[in-house]
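Novice: Structure supplied as entry14.csv; contents: CSV, C-alpha atoms.
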chain,number,residue,atom,x,y,z
A,15,MET,CA,0.0,0.0,0.0
A,16,ALA,CA,2.8,2.4,1.0
A,17,ASN,CA,4.6,1.4,-2.2
A,18,LYS,CA,1.5,2.3,-4.2
A,19,ASN,CA,1.2,5.7,-2.5
A,20,ASP,CA,4.9,6.4,-3.2
A,21,ALA,CA,4.5,5.5,-6.8
A,22,LYS,CA,1.5,7.9,-6.9
A,23,ALA,CA,3.4,10.7,-5.3
A,24,GLY,CA,6.2,10.2,-7.7
A,25,LEU,CA,3.9,10.3,-10.7
A,26,TYR,CA,2.4,13.6,-9.4
A,27,LYS,CA,5.8,15.1,-8.9
A,28,GLU,CA,6.9,14.0,-12.4
A,29,THR,CA,3.8,15.4,-14.0
A,30,LEU,CA,4.3,18.7,-12.2
A,31,ILE,CA,7.9,19.0,-13.2
A,32,ALA,CA,7.2,18.0,-16.8
A,33,GLY,CA,5.2,21.1,-17.3
A,34,LEU,CA,7.9,23.3,-16.0
A,35,TRP,CA,10.7,22.2,-18.2
A,36,ARG,CA,10.7,18.9,-20.0
A,37,GLU,CA,7.4,19.5,-21.8
A,38,ASN,CA,7.2,23.2,-21.3
A,39,PRO,CA,4.3,24.4,-23.4
A,40,VAL,CA,6.1,27.4,-25.0
A,41,PHE,CA,9.7,26.1,-25.3
A,42,ARG,CA,9.1,22.5,-26.1
A,43,LEU,CA,5.7,22.3,-27.7
A,44,VAL,CA,5.7,25.8,-29.3
A,45,LEU,CA,2.1,26.3,-28.3
A,46,GLY,CA,0.2,29.3,-27.2
A,47,MET,CA,2.3,31.7,-29.2
A,48,CYS,CA,-0.2,34.6,-29.6
A,49,PRO,CA,-0.5,35.6,-26.0
A,50,THR,CA,3.2,34.8,-25.4
A,51,LEU,CA,4.1,37.4,-28.0
A,52,ALA,CA,1.2,39.9,-27.4
A,53,VAL,CA,1.1,40.5,-23.7
A,54,THR,CA,4.8,40.4,-22.8
A,55,ALA,CA,5.7,44.1,-23.4
A,56,ALA,CA,5.7,44.5,-19.6
A,57,VAL,CA,5.8,42.1,-16.7
A,58,LYS,CA,2.5,43.0,-15.0
A,59,PRO,CA,0.2,42.2,-17.9
A,60,ALA,CA,2.2,39.0,-18.5
A,61,LEU,CA,1.8,37.9,-14.9
A,62,THR,CA,-2.0,38.7,-15.0
A,63,MET,CA,-2.3,36.7,-18.2
A,64,GLY,CA,-0.3,33.8,-16.8
A,65,LEU,CA,-2.6,33.7,-13.7
A,66,SER,CA,-5.7,33.8,-15.8
A,67,VAL,CA,-4.4,31.0,-18.0
A,68,ILE,CA,-3.7,28.9,-14.8
A,69,PHE,CA,-7.2,29.5,-13.6
A,70,VAL,CA,-8.8,28.5,-16.9
A,71,LEU,CA,-6.5,25.6,-17.4
A,72,VAL,CA,-7.2,24.1,-13.9
A,73,CYS,CA,-11.0,24.6,-14.1
A,74,SER,CA,-11.3,23.2,-17.6
A,75,ASN,CA,-9.0,20.2,-16.8
A,76,ILE,CA,-11.2,19.4,-13.8
A,77,VAL,CA,-14.4,19.5,-15.8
A,78,VAL,CA,-13.0,17.6,-18.7
A,79,SER,CA,-11.5,15.0,-16.4
A,80,LEU,CA,-14.9,14.6,-14.7
A,81,MET,CA,-16.8,14.1,-17.9
A,82,ARG,CA,-14.2,12.1,-19.8
A,83,ASN,CA,-16.3,8.9,-19.7
A,84,LEU,CA,-19.3,10.7,-21.2
A,85,LEU,CA,-17.6,12.2,-24.2
A,86,LYS,CA,-18.4,11.1,-27.7
A,87,PRO,CA,-15.3,11.2,-29.9
A,88,HIS,CA,-16.7,13.5,-32.6
A,89,LEU,CA,-18.1,16.0,-30.2
A,90,ARG,CA,-15.0,16.0,-28.0
A,91,ILE,CA,-13.3,19.1,-29.3
A,92,LEU,CA,-16.6,21.1,-29.3
A,93,MET,CA,-17.2,20.2,-25.7
A,94,PHE,CA,-13.7,21.2,-24.7
A,95,THR,CA,-14.0,24.5,-26.5
A,96,LEU,CA,-17.4,25.3,-24.9
A,97,THR,CA,-16.1,24.4,-21.4
A,98,ILE,CA,-13.0,26.6,-21.9
A,99,ALA,CA,-15.2,29.5,-23.3
A,100,THR,CA,-17.3,29.4,-20.2
A,101,PHE,CA,-14.4,29.7,-17.8
A,102,VAL,CA,-12.7,32.3,-19.9
A,103,THR,CA,-15.9,34.4,-19.7
A,104,ILE,CA,-15.7,34.1,-15.9
A,105,ALA,CA,-12.1,35.2,-15.9
A,106,ASP,CA,-12.8,38.1,-18.3
A,107,LEU,CA,-15.7,39.4,-16.2
A,108,PHE,CA,-13.6,39.1,-13.0
A,109,LEU,CA,-10.8,41.1,-14.6
A,110,LYS,CA,-13.3,43.7,-15.9
A,111,ALA,CA,-14.8,44.1,-12.4
A,112,PHE,CA,-11.8,44.1,-10.2
A,113,LEU,CA,-8.8,45.1,-12.4
A,114,PRO,CA,-10.5,47.3,-15.1
A,115,ARG,CA,-7.3,49.0,-16.1
A,116,MET,CA,-5.4,45.8,-16.6
A,117,SER,CA,-8.4,44.4,-18.5
A,118,GLU,CA,-8.1,47.3,-20.9
A,119,THR,CA,-4.4,46.7,-21.4
A,120,LEU,CA,-4.9,43.1,-22.1
A,121,GLY,CA,-7.9,43.9,-24.4
A,122,PRO,CA,-9.0,41.0,-26.6
A,123,TYR,CA,-6.2,38.8,-25.5
A,124,VAL,CA,-8.1,37.6,-22.4
A,125,PRO,CA,-11.0,36.2,-24.5
A,126,LEU,CA,-8.4,34.8,-26.9
A,127,ILE,CA,-7.4,32.4,-24.1
A,128,ILE,CA,-10.3,30.3,-25.5
A,129,VAL,CA,-8.3,29.5,-28.6
A,130,ASN,CA,-5.0,29.1,-26.7
A,131,CYS,CA,-3.7,25.8,-28.0
A,132,ILE,CA,-2.2,24.9,-24.6
A,133,ILE,CA,-5.5,24.5,-23.0
A,134,ILE,CA,-7.1,22.4,-25.7
A,135,CYS,CA,-3.9,20.4,-25.9
A,136,ARG,CA,-3.9,19.6,-22.2
A,137,ALA,CA,-7.7,18.8,-22.3
A,138,GLU,CA,-7.1,16.4,-25.2
A,139,ALA,CA,-3.7,14.9,-24.2
A,140,CYS,CA,-4.1,14.7,-20.4
A,141,ALA,CA,-7.5,15.5,-18.8
A,142,SER,CA,-9.6,13.3,-21.2
A,143,LYS,CA,-7.5,10.3,-20.3
A,144,ASN,CA,-6.4,10.7,-16.7
A,145,THR,CA,-8.0,10.9,-13.3
A,146,LEU,CA,-8.9,14.1,-11.5
A,147,GLY,CA,-5.7,14.3,-9.4
A,148,ILE,CA,-3.3,13.9,-12.3
A,149,SER,CA,-5.3,16.4,-14.4
A,150,ILE,CA,-5.2,19.1,-11.7
A,151,ILE,CA,-1.5,18.6,-11.1
A,152,ASP,CA,-0.8,18.6,-14.8
A,153,ALA,CA,-2.8,21.9,-15.3
A,154,ILE,CA,-0.9,23.5,-12.4
A,155,GLY,CA,2.5,22.4,-13.8
A,156,MET,CA,1.7,23.5,-17.4
A,157,GLY,CA,0.2,26.8,-16.3
A,158,ALA,CA,3.2,27.5,-14.1
A,159,GLY,CA,5.6,26.7,-16.9
A,160,PHE,CA,3.7,29.0,-19.2
A,161,THR,CA,3.6,31.8,-16.7
A,162,LEU,CA,7.3,31.5,-16.0
A,163,VAL,CA,8.1,31.8,-19.7
A,164,LEU,CA,5.8,34.7,-20.1
A,165,CYS,CA,7.4,36.5,-17.2
A,166,ALA,CA,11.0,35.8,-18.4
A,167,LEU,CA,10.2,37.1,-21.8
A,168,ALA,CA,8.4,40.1,-20.4
A,169,SER,CA,11.3,41.0,-18.0
A,170,VAL,CA,13.8,41.0,-20.9
A,171,ARG,CA,11.5,43.1,-23.1
A,172,GLU,CA,10.5,45.6,-20.3
A,173,LEU,CA,14.1,46.0,-19.1
A,174,LEU,CA,15.4,46.7,-22.6
A,175,SER,CA,12.5,48.9,-23.7
A,176,THR,CA,12.2,51.1,-20.5
A,177,GLY,CA,15.1,50.2,-18.3
A,178,LYS,CA,12.6,49.3,-15.5
A,179,ILE,CA,10.9,46.2,-14.2
A,180,PHE,CA,7.8,46.7,-12.0
A,181,GLU,CA,8.4,50.5,-12.1
A,182,VAL,CA,11.8,49.9,-10.4
A,183,GLN,CA,14.7,51.5,-12.3
A,184,LEU,CA,17.4,48.8,-12.9
A,185,MET,CA,19.4,50.3,-15.7
A,186,PRO,CA,21.9,53.2,-15.3
A,187,ASP,CA,20.7,56.6,-16.3
A,188,ALA,CA,22.9,56.6,-19.4
A,189,PHE,CA,20.9,53.7,-20.8
A,190,VAL,CA,19.0,54.6,-23.9
A,191,PRO,CA,15.7,52.6,-24.0
A,192,TRP,CA,15.3,50.4,-27.1
A,193,ALA,CA,11.8,51.4,-28.2
A,194,ALA,CA,11.7,48.5,-30.7
A,195,MET,CA,11.6,46.0,-27.8
A,196,SER,CA,8.1,47.0,-26.8
A,197,MET,CA,6.9,46.7,-30.4
A,198,PRO,CA,6.1,43.5,-32.3
A,199,VAL,CA,9.7,43.3,-33.6
A,200,GLY,CA,11.0,42.9,-30.1
A,201,ALA,CA,8.5,40.2,-29.3
A,202,PHE,CA,9.4,38.1,-32.3
A,203,LEU,CA,13.2,38.5,-31.9
A,204,THR,CA,13.3,38.0,-28.2
A,205,LEU,CA,11.2,34.8,-28.3
A,206,GLY,CA,13.2,33.5,-31.3
A,207,LEU,CA,16.5,34.0,-29.6
A,208,MET,CA,15.2,32.6,-26.3
A,209,LEU,CA,14.0,29.4,-28.1
A,210,GLY,CA,17.5,29.2,-29.6
A,211,LEU,CA,19.1,29.5,-26.2
A,212,VAL,CA,16.9,26.8,-24.8
A,213,ASN,CA,17.9,24.5,-27.6
A,214,LEU,CA,21.5,25.3,-27.0
A,215,ILE,CA,21.2,24.6,-23.3
A,216,THR,CA,19.4,21.3,-23.9
A,217,LYS,CA,22.1,20.2,-26.3
A,218,ARG,CA,24.9,21.0,-23.9
A,219,ALA,CA,23.1,19.2,-21.0
A,220,ARG,CA,23.0,16.0,-23.0
B,22,MET,CA,-15.4,60.8,-47.2
B,23,ASP,CA,-18.0,58.8,-48.9
B,24,THR,CA,-18.8,55.2,-48.0
B,25,LEU,CA,-16.7,53.6,-50.8
B,26,SER,CA,-13.5,55.4,-49.8
B,27,ILE,CA,-14.0,54.6,-46.2
B,28,LEU,CA,-14.4,50.9,-47.1
B,29,ILE,CA,-11.2,51.0,-49.3
B,30,MET,CA,-9.3,52.7,-46.5
B,31,GLY,CA,-10.5,50.1,-44.0
B,32,PHE,CA,-9.5,47.3,-46.3
B,33,ILE,CA,-6.0,48.6,-46.9
B,34,SER,CA,-5.6,49.3,-43.2
B,35,ILE,CA,-6.4,45.8,-42.1
B,36,VAL,CA,-4.3,44.2,-44.9
B,37,ILE,CA,-1.2,46.2,-44.6
B,38,VAL,CA,-1.1,48.7,-41.7
B,39,ASN,CA,-2.8,46.6,-39.0
B,40,ASN,CA,-1.9,43.2,-40.4
B,41,LEU,CA,-3.2,40.7,-37.9
B,42,VAL,CA,0.0,38.6,-38.0
B,43,PHE,CA,2.6,41.3,-37.7
B,44,THR,CA,1.0,43.8,-35.4
B,45,LYS,CA,-1.6,41.9,-33.4
B,46,PHE,CA,0.3,38.5,-33.2
B,47,LEU,CA,-2.8,36.6,-34.2
B,48,GLY,CA,-2.7,33.3,-36.1
B,49,ILE,CA,0.9,32.6,-35.2
B,50,CYS,CA,0.5,28.9,-34.7
B,51,PRO,CA,-0.5,28.0,-38.3
B,52,TYR,CA,1.9,30.7,-39.4
B,53,LEU,CA,4.7,28.7,-37.9
B,54,GLY,CA,3.3,25.3,-38.7
B,55,VAL,CA,2.1,25.5,-42.3
B,56,SER,CA,4.4,28.0,-43.8
B,57,GLY,CA,7.0,25.4,-45.0
B,58,ARG,CA,5.7,25.2,-48.6
B,59,ILE,CA,4.2,28.0,-50.6
B,60,ASP,CA,1.3,26.0,-52.2
B,61,MET,CA,0.2,24.7,-48.8
B,62,ALA,CA,0.5,28.2,-47.3
B,63,PHE,CA,-1.7,29.6,-50.1
B,64,GLY,CA,-4.3,26.9,-49.6
B,65,MET,CA,-4.3,27.5,-45.8
B,66,GLY,CA,-4.6,31.2,-46.4
B,67,LEU,CA,-7.6,30.8,-48.7
B,68,ALA,CA,-9.3,28.5,-46.2
B,69,VAL,CA,-8.7,31.0,-43.4
B,70,THR,CA,-10.0,33.8,-45.6
B,71,PHE,CA,-13.2,32.0,-46.3
B,72,VAL,CA,-13.8,31.1,-42.7
B,73,VAL,CA,-12.9,34.5,-41.4
B,74,THR,CA,-15.2,36.3,-43.8
B,75,LEU,CA,-18.1,34.0,-43.0
B,76,SER,CA,-17.6,34.1,-39.2
B,77,GLY,CA,-16.8,37.8,-39.1
B,78,THR,CA,-20.1,38.5,-40.8
B,79,LEU,CA,-22.2,36.0,-38.8
B,80,THR,CA,-20.8,37.1,-35.5
B,81,TRP,CA,-21.4,40.8,-36.3
B,82,LEU,CA,-25.0,39.9,-37.2
B,83,ILE,CA,-25.5,37.8,-34.1
B,84,ASP,CA,-23.9,40.4,-31.9
B,85,HIS,CA,-26.0,43.3,-33.2
B,86,LEU,CA,-29.3,41.5,-33.8
B,87,ILE,CA,-29.5,39.4,-30.7
B,88,LEU,CA,-26.9,40.0,-28.1
B,89,ILE,CA,-26.2,43.7,-27.7
B,90,GLY,CA,-28.4,45.4,-25.0
B,91,THR,CA,-29.6,42.1,-23.5
B,92,PRO,CA,-28.3,40.2,-20.5
B,93,LEU,CA,-27.2,37.5,-23.0
B,94,GLU,CA,-24.1,39.6,-23.7
B,95,VAL,CA,-22.2,37.4,-21.3
B,96,THR,CA,-22.5,34.5,-23.6
B,97,ARG,CA,-20.8,36.4,-26.4
B,98,TYR,CA,-17.6,34.4,-26.4
B,99,VAL,CA,-19.5,31.1,-26.3
B,100,CYS,CA,-21.6,32.2,-29.3
B,101,PHE,CA,-18.6,33.4,-31.3
B,102,ILE,CA,-16.7,30.2,-30.9
B,103,LEU,CA,-19.7,28.1,-31.8
B,104,VAL,CA,-20.2,30.1,-35.0
B,105,ILE,CA,-16.5,29.7,-35.9
B,106,ALA,CA,-16.5,25.9,-35.2
B,107,GLY,CA,-19.6,25.6,-37.4
B,108,ALA,CA,-18.0,27.5,-40.3
B,109,VAL,CA,-14.8,25.4,-40.0
B,110,GLN,CA,-16.9,22.2,-40.1
B,111,LEU,CA,-18.5,23.5,-43.3
B,112,VAL,CA,-15.2,24.2,-45.0
B,113,GLU,CA,-13.8,20.9,-43.9
B,114,MET,CA,-16.7,19.0,-45.5
B,115,TYR,CA,-16.5,21.0,-48.7
B,116,VAL,CA,-12.7,20.6,-49.1
B,117,ARG,CA,-12.9,16.8,-48.4
B,118,LYS,CA,-15.6,16.4,-51.0
B,119,PHE,CA,-14.2,18.5,-53.8
B,120,PHE,CA,-10.4,18.7,-53.2
B,121,PRO,CA,-9.4,15.4,-51.6
B,122,SER,CA,-5.7,15.9,-52.3
B,123,LEU,CA,-5.7,19.3,-50.7
B,124,TYR,CA,-7.5,17.8,-47.8
B,125,ASP,CA,-4.9,15.1,-47.3
B,126,SER,CA,-2.0,17.6,-47.4
B,127,PHE,CA,-3.7,19.8,-44.8
B,128,GLY,CA,-4.0,17.0,-42.3
B,129,ILE,CA,-4.6,18.2,-38.8
B,130,PHE,CA,-4.4,21.9,-39.7
B,131,LEU,CA,-7.8,22.2,-41.2
B,132,PRO,CA,-9.8,21.4,-38.0
B,133,LEU,CA,-7.2,23.5,-36.2
B,134,ILE,CA,-8.5,26.6,-38.0
B,135,THR,CA,-11.2,26.6,-35.2
B,136,THR,CA,-8.4,27.4,-32.8
B,137,ASN,CA,-6.8,29.9,-35.1
B,138,CYS,CA,-6.6,33.1,-33.0
B,139,ALA,CA,-6.8,35.2,-36.1
B,140,ILE,CA,-10.4,34.3,-36.6
B,141,LEU,CA,-11.8,34.7,-33.1
B,142,GLY,CA,-9.4,37.7,-32.7
B,143,LEU,CA,-10.9,39.5,-35.7
B,144,CYS,CA,-14.5,38.9,-34.4
B,145,LEU,CA,-13.4,40.4,-31.1
B,146,PHE,CA,-11.7,43.3,-32.7
B,147,ILE,CA,-14.8,44.1,-34.8
B,148,ASN,CA,-16.7,44.1,-31.6
B,149,LEU,CA,-14.0,46.2,-29.8
B,150,TRP,CA,-13.6,48.8,-32.5
B,151,GLY,CA,-17.4,49.3,-32.5
B,152,ILE,CA,-18.0,48.7,-36.2
B,153,ASP,CA,-21.6,49.7,-36.6
B,154,ASN,CA,-22.1,48.8,-40.3
B,155,LEU,CA,-22.6,45.4,-41.8
B,156,LEU,CA,-20.7,46.2,-45.0
B,157,LYS,CA,-17.7,47.5,-43.1
B,158,ALA,CA,-17.7,44.3,-41.0
B,159,VAL,CA,-17.7,42.2,-44.1
B,160,VAL,CA,-14.9,44.2,-45.8
B,161,LEU,CA,-12.8,44.1,-42.6
B,162,SER,CA,-13.2,40.3,-42.2
B,163,PHE,CA,-12.3,39.7,-45.8
B,164,GLY,CA,-9.3,42.0,-45.6
B,165,ALA,CA,-8.1,40.2,-42.5
B,166,GLY,CA,-8.1,36.9,-44.4
B,167,ILE,CA,-6.2,38.5,-47.3
B,168,GLY,CA,-3.7,40.0,-44.9
B,169,PHE,CA,-3.2,36.6,-43.3
B,170,THR,CA,-2.8,34.9,-46.7
B,171,MET,CA,-0.2,37.6,-47.7
B,172,ALA,CA,1.8,37.2,-44.5
B,173,ILE,CA,1.8,33.4,-44.6
B,174,CYS,CA,2.8,33.3,-48.3
B,175,ILE,CA,5.7,35.8,-47.8
B,176,MET,CA,6.9,33.6,-45.0
B,177,ALA,CA,6.6,30.4,-47.0
B,178,GLY,CA,8.6,32.0,-49.8
B,179,ILE,CA,11.4,33.0,-47.4
B,180,ARG,CA,11.4,29.6,-45.7
B,181,GLU,CA,11.8,27.8,-49.0
B,182,SER,CA,15.0,29.6,-49.5
B,183,LEU,CA,15.9,29.3,-45.9
B,184,ASN,CA,16.1,25.6,-46.3
B,185,LEU,CA,19.3,26.1,-48.4
B,186,ALA,CA,20.8,28.6,-45.9
B,187,ASP,CA,23.4,27.7,-43.3
B,188,VAL,CA,21.4,28.3,-40.1
B,189,PRO,CA,23.1,27.5,-36.7
B,190,ALA,CA,21.9,24.2,-35.4
B,191,CYS,CA,20.2,25.6,-32.3
B,192,LEU,CA,18.2,28.1,-34.3
B,193,LYS,CA,16.8,25.7,-36.8
B,194,GLY,CA,13.0,25.4,-37.0
B,195,ALA,CA,10.8,27.7,-34.9
B,196,PRO,CA,13.5,30.1,-33.6
B,197,ILE,CA,14.8,31.2,-37.0
B,198,THR,CA,11.2,31.5,-38.3
B,199,LEU,CA,10.3,33.8,-35.4
B,200,ILE,CA,13.4,35.9,-36.0
B,201,THR,CA,12.5,36.2,-39.7
B,202,ALA,CA,8.9,37.1,-38.7
B,203,GLY,CA,10.5,39.8,-36.5
B,204,LEU,CA,12.4,41.3,-39.4
B,205,LEU,CA,9.2,41.2,-41.5
B,206,ALA,CA,7.3,42.9,-38.7
B,207,MET,CA,9.9,45.6,-38.7
B,208,ALA,CA,9.4,46.0,-42.5
B,209,PHE,CA,5.7,46.3,-41.9
B,210,MET,CA,6.2,48.9,-39.2
B,211,GLY,CA,7.1,51.2,-42.1
B,212,PHE,CA,3.5,51.3,-43.1
B,213,ALA,CA,2.4,52.5,-39.7
B,214,GLY,CA,0.8,55.9,-39.8
B,215,MET,CA,0.0,55.6,-43.4
B,216,ILE,CA,-3.7,55.6,-42.4
B,217,ARG,CA,-4.7,57.2,-39.2
Before we go any further, please render this structure as structure tokens.

Specialist:
Amino acid sequence: MANKNDAKAGLYKETLIAGLWRENPVFRLVLGMCPTLAVTAAVKPALTMGLSVIFVLVCSNIVVSLMRNLLKPHLRILMFTLTIATFVTIADLFLKAFLPRMSETLGPYVPLIIVNCIIICRAEACASKNTLGISIIDAIGMGAGFTLVLCALASVRELLSTGKIFEVQLMPDAFVPWAAMSMPVGAFLTLGLMLGLVNLITKRAR
Amino acid sequence: MDTLSILIMGFISIVIVNNLVFTKFLGICPYLGVSGRIDMAFGMGLAVTFVVTLSGTLTWLIDHLILIGTPLEVTRYVCFILVIAGAVQLVEMYVRKFFPSLYDSFGIFLPLITTNCAILGLCLFINLWGIDNLLKAVVLSFGAGIGFTMAICIMAGIRESLNLADVPACLKGAPITLITAGLLAMAFMGFAGMIR
């Protein structure tokens, strides 16, 4: 019995860590690119976005996991999308009510969580096949991995485009802000170079 | 300005100045996935154009005839995604029946149009910009599709030559595509300010 519990705990831990690095949604699976590029001009919106995605991911994984035995194959994707759309509406209304300014900054990218491939991918690959516990852990791991990448990307961009992170001046006064980093160009270039760096690190580690 | 010139300006603005891929980051997933060969990219672009025109128009109609001003407004996202999923289903059946070879080469990407952010994104932007005229909504949705097709075809052309280039091993695949997209976005920044 103890053995079984150990195995279970090990499985949970592995699932959690997989989302953070080995199967990181952005670096490894190259999923969810739109929000990754769009909201990372500064750290604060990136963090808000990451937290909203974690909320939606956990809730939709719970629901999908609970109804996995009732699903008909050809209606599967539709059911996933509708579940996700419901939770995204909740998250969107919550942001509008309690963080109106942040909601305005994020604009349509909050409702666009509906079509974020990460969430459908996890519903399909994990929640529709696994028990409730594993699905929740998987959602937390994947969500945390996504949020970390978002914050890392946003820190680089915010630092180079304004010299500040969270309104705290980090660069010396002589630093000339790179305006391009807060524009689409900066997003594409930074993410491209970051993916390259991750590939390099993985290769070295082997 | 008369209606026609407003429409033309709107069209040019969404195709070039506010191109969904380069300025709003929408539709990046298929943009990275399908842009390997130019004929496939073109087919994908046409499919997206069709779906986006259809769903942009339908969601505008639903939004203005049914949802706005009623408590049902909270169901907006659910309605939008249902319309898009339906339109994609229609295109999929049509392509499978009449262009089987194209259908085979699309593979998984055709059903994935449902989760193409460009489509839902455009429907949301039409709602956000407060477009109050059906004709304008149709022109904008069509323009968005054309803009996407143009972006993905440019990218496919570049990637076909990129296959022959000597790219560092760690940048092969997605990273170099993103960097190329960044340079393209920089080129498209030159159009900013051309229209309002």

Novice: Using only C-alpha atoms, determine which residues of chain A fall within 7 Å of chain B; present them as a short mmCIF file (atom, residue, chain, number, x, y, z; two decimals) with C-alpha atoms, keeping the file's coordinate frame.

Specialist:
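See out.cif below for the written result:
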data_model
loop_
_atom_site.label_atom_id
_atom_site.label_comp_id
_atom_site.auth_asym_id
_atom_site.auth_seq_id
_atom_site.Cartn_x
_atom_site.Cartn_y
_atom_site.Cartn_z
CA MET A 47 2.30 31.70 -29.20
CA CYS A 48 -0.20 34.60 -29.60
CA LEU A 51 4.10 37.40 -28.00
CA ALA A 52 1.20 39.90 -27.40
CA LEU A 96 -17.40 25.30 -24.90
CA ALA A 99 -15.20 29.50 -23.30
CA THR A 100 -17.30 29.40 -20.20
CA THR A 103 -15.90 34.40 -19.70
CA PRO A 122 -9.00 41.00 -26.60
CA LEU A 126 -8.40 34.80 -26.90
CA VAL A 129 -8.30 29.50 -28.60
CA CYS A 131 -3.70 25.80 -28.00
CA PRO A 198 6.10 43.50 -32.30
CA VAL A 199 9.70 43.30 -33.60
CA PHE A 202 9.40 38.10 -32.30
CA LEU A 203 13.20 38.50 -31.90
CA GLY A 206 13.20 33.50 -31.30
CA LEU A 207 16.50 34.00 -29.60
CA LEU A 209 14.00 29.40 -28.10
CA GLY A 210 17.50 29.20 -29.60
CA ASN A 213 17.90 24.50 -27.60
CA LEU A 214 21.50 25.30 -27.00
#

Novice: Excluding A:Met156 and its own-chain neighbours fewer than 2 positions away, which residues fall within 10 Å of it when counting all atoms listed in the file? Please give them as a ChimeraX atom specification.

Specialist: /A:29-35,37-40,67-68,71-72,132-133,136,150-154,158-162

Novice: Between atom CA of A:Phe108 and atom CA of B:His85, what is the distance in Å, rounded to a tenth?

Specialist: 24.1 Å

Novice: Name the residues in contact with B:Phe71 at a cut-off of 12 Å, using only C-alpha atoms, excluding same-chain residues fewer than 2 positions from it; report them as a PyMOL selection string.

Specialist: chain B and resi 64-69+73-78+105+108-109+111-113+115-116+134+140+159+162-167+169-170

Novice: How many Å lie between atom CA of A:Pro59 and atom CA of A:Arg115, rounded to one decimal?

Specialist: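 Spanning atom CA of A:Pro59 to atom CA of A:Arg115 is a straight-line distance of 10.3 Å.
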
Novice: To one decimal place in Å, what is the distance between atom CA of B:Phe63 and atom CA of A:Val53?

Specialist: 28.7 Å

Novice: Which neighbours of B:Gly168 fall inside 8 Å, counting all atoms listed in the file, when residues of the same chain fewer than 5 positions from it are skipped, and could you give them as a PyMOL selection string?

Specialist: chain B and resi 35-37+40-42

Novice: Identify which of the residues B:Glu94, B:Asp84, B:Asp125, B:Asp187 lies closest to B:Met61, counting only C-alpha atoms when measuring atom-to-atom distances.

Specialist: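 Ranked by minimum distance to B:Met61, first place goes to B:Asp125.
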
Novice: If I only have part of stretch 194-207 of chain A, can you fill in N, CA and C atoms and write it as a compact mmCIF listing (two decimals), in the coordinates of the input?

Specialist:
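File part.txt, as written:
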# COMPACT_ATOMS: atom_id res chain seq x y z
N ALA A 194 12.14 49.65 -29.85
CA ALA A 194 11.70 48.50 -30.70
C ALA A 194 11.30 47.33 -29.85
N MET A 195 11.89 47.19 -28.63
CA MET A 195 11.60 46.00 -27.80
C MET A 195 10.17 45.92 -27.39
N SER A 196 9.50 47.08 -27.26
CA SER A 196 8.10 47.00 -26.80
C SER A 196 7.17 46.82 -28.01
N MET A 197 7.72 46.83 -29.21
CA MET A 197 6.90 46.70 -30.40
C MET A 197 6.94 45.21 -30.88
N PRO A 198 6.10 44.86 -31.85
CA PRO A 198 6.10 43.50 -32.30
C PRO A 198 7.46 42.92 -32.66
N VAL A 199 8.33 43.75 -33.26
CA VAL A 199 9.70 43.30 -33.60
C VAL A 199 10.37 42.66 -32.43
N GLY A 200 10.35 43.40 -31.31
CA GLY A 200 11.00 42.90 -30.10
C GLY A 200 10.48 41.61 -29.64
N ALA A 201 9.15 41.46 -29.72
CA ALA A 201 8.50 40.20 -29.30
C ALA A 201 9.04 39.04 -30.08
N PHE A 202 9.00 39.17 -31.41
CA PHE A 202 9.40 38.10 -32.30
C PHE A 202 10.90 37.73 -32.05
N LEU A 203 11.74 38.78 -32.05
CA LEU A 203 13.20 38.50 -31.90
C LEU A 203 13.52 37.91 -30.59
N THR A 204 12.97 38.48 -29.49
CA THR A 204 13.30 38.00 -28.20
C THR A 204 12.91 36.50 -28.04
N LEU A 205 11.67 36.19 -28.48
CA LEU A 205 11.20 34.80 -28.30
C LEU A 205 12.06 33.88 -29.21
N GLY A 206 12.38 34.32 -30.42
CA GLY A 206 13.20 33.50 -31.30
C GLY A 206 14.56 33.19 -30.68
N LEU A 207 15.21 34.25 -30.15
CA LEU A 207 16.50 34.00 -29.60
C LEU A 207 16.42 33.17 -28.30
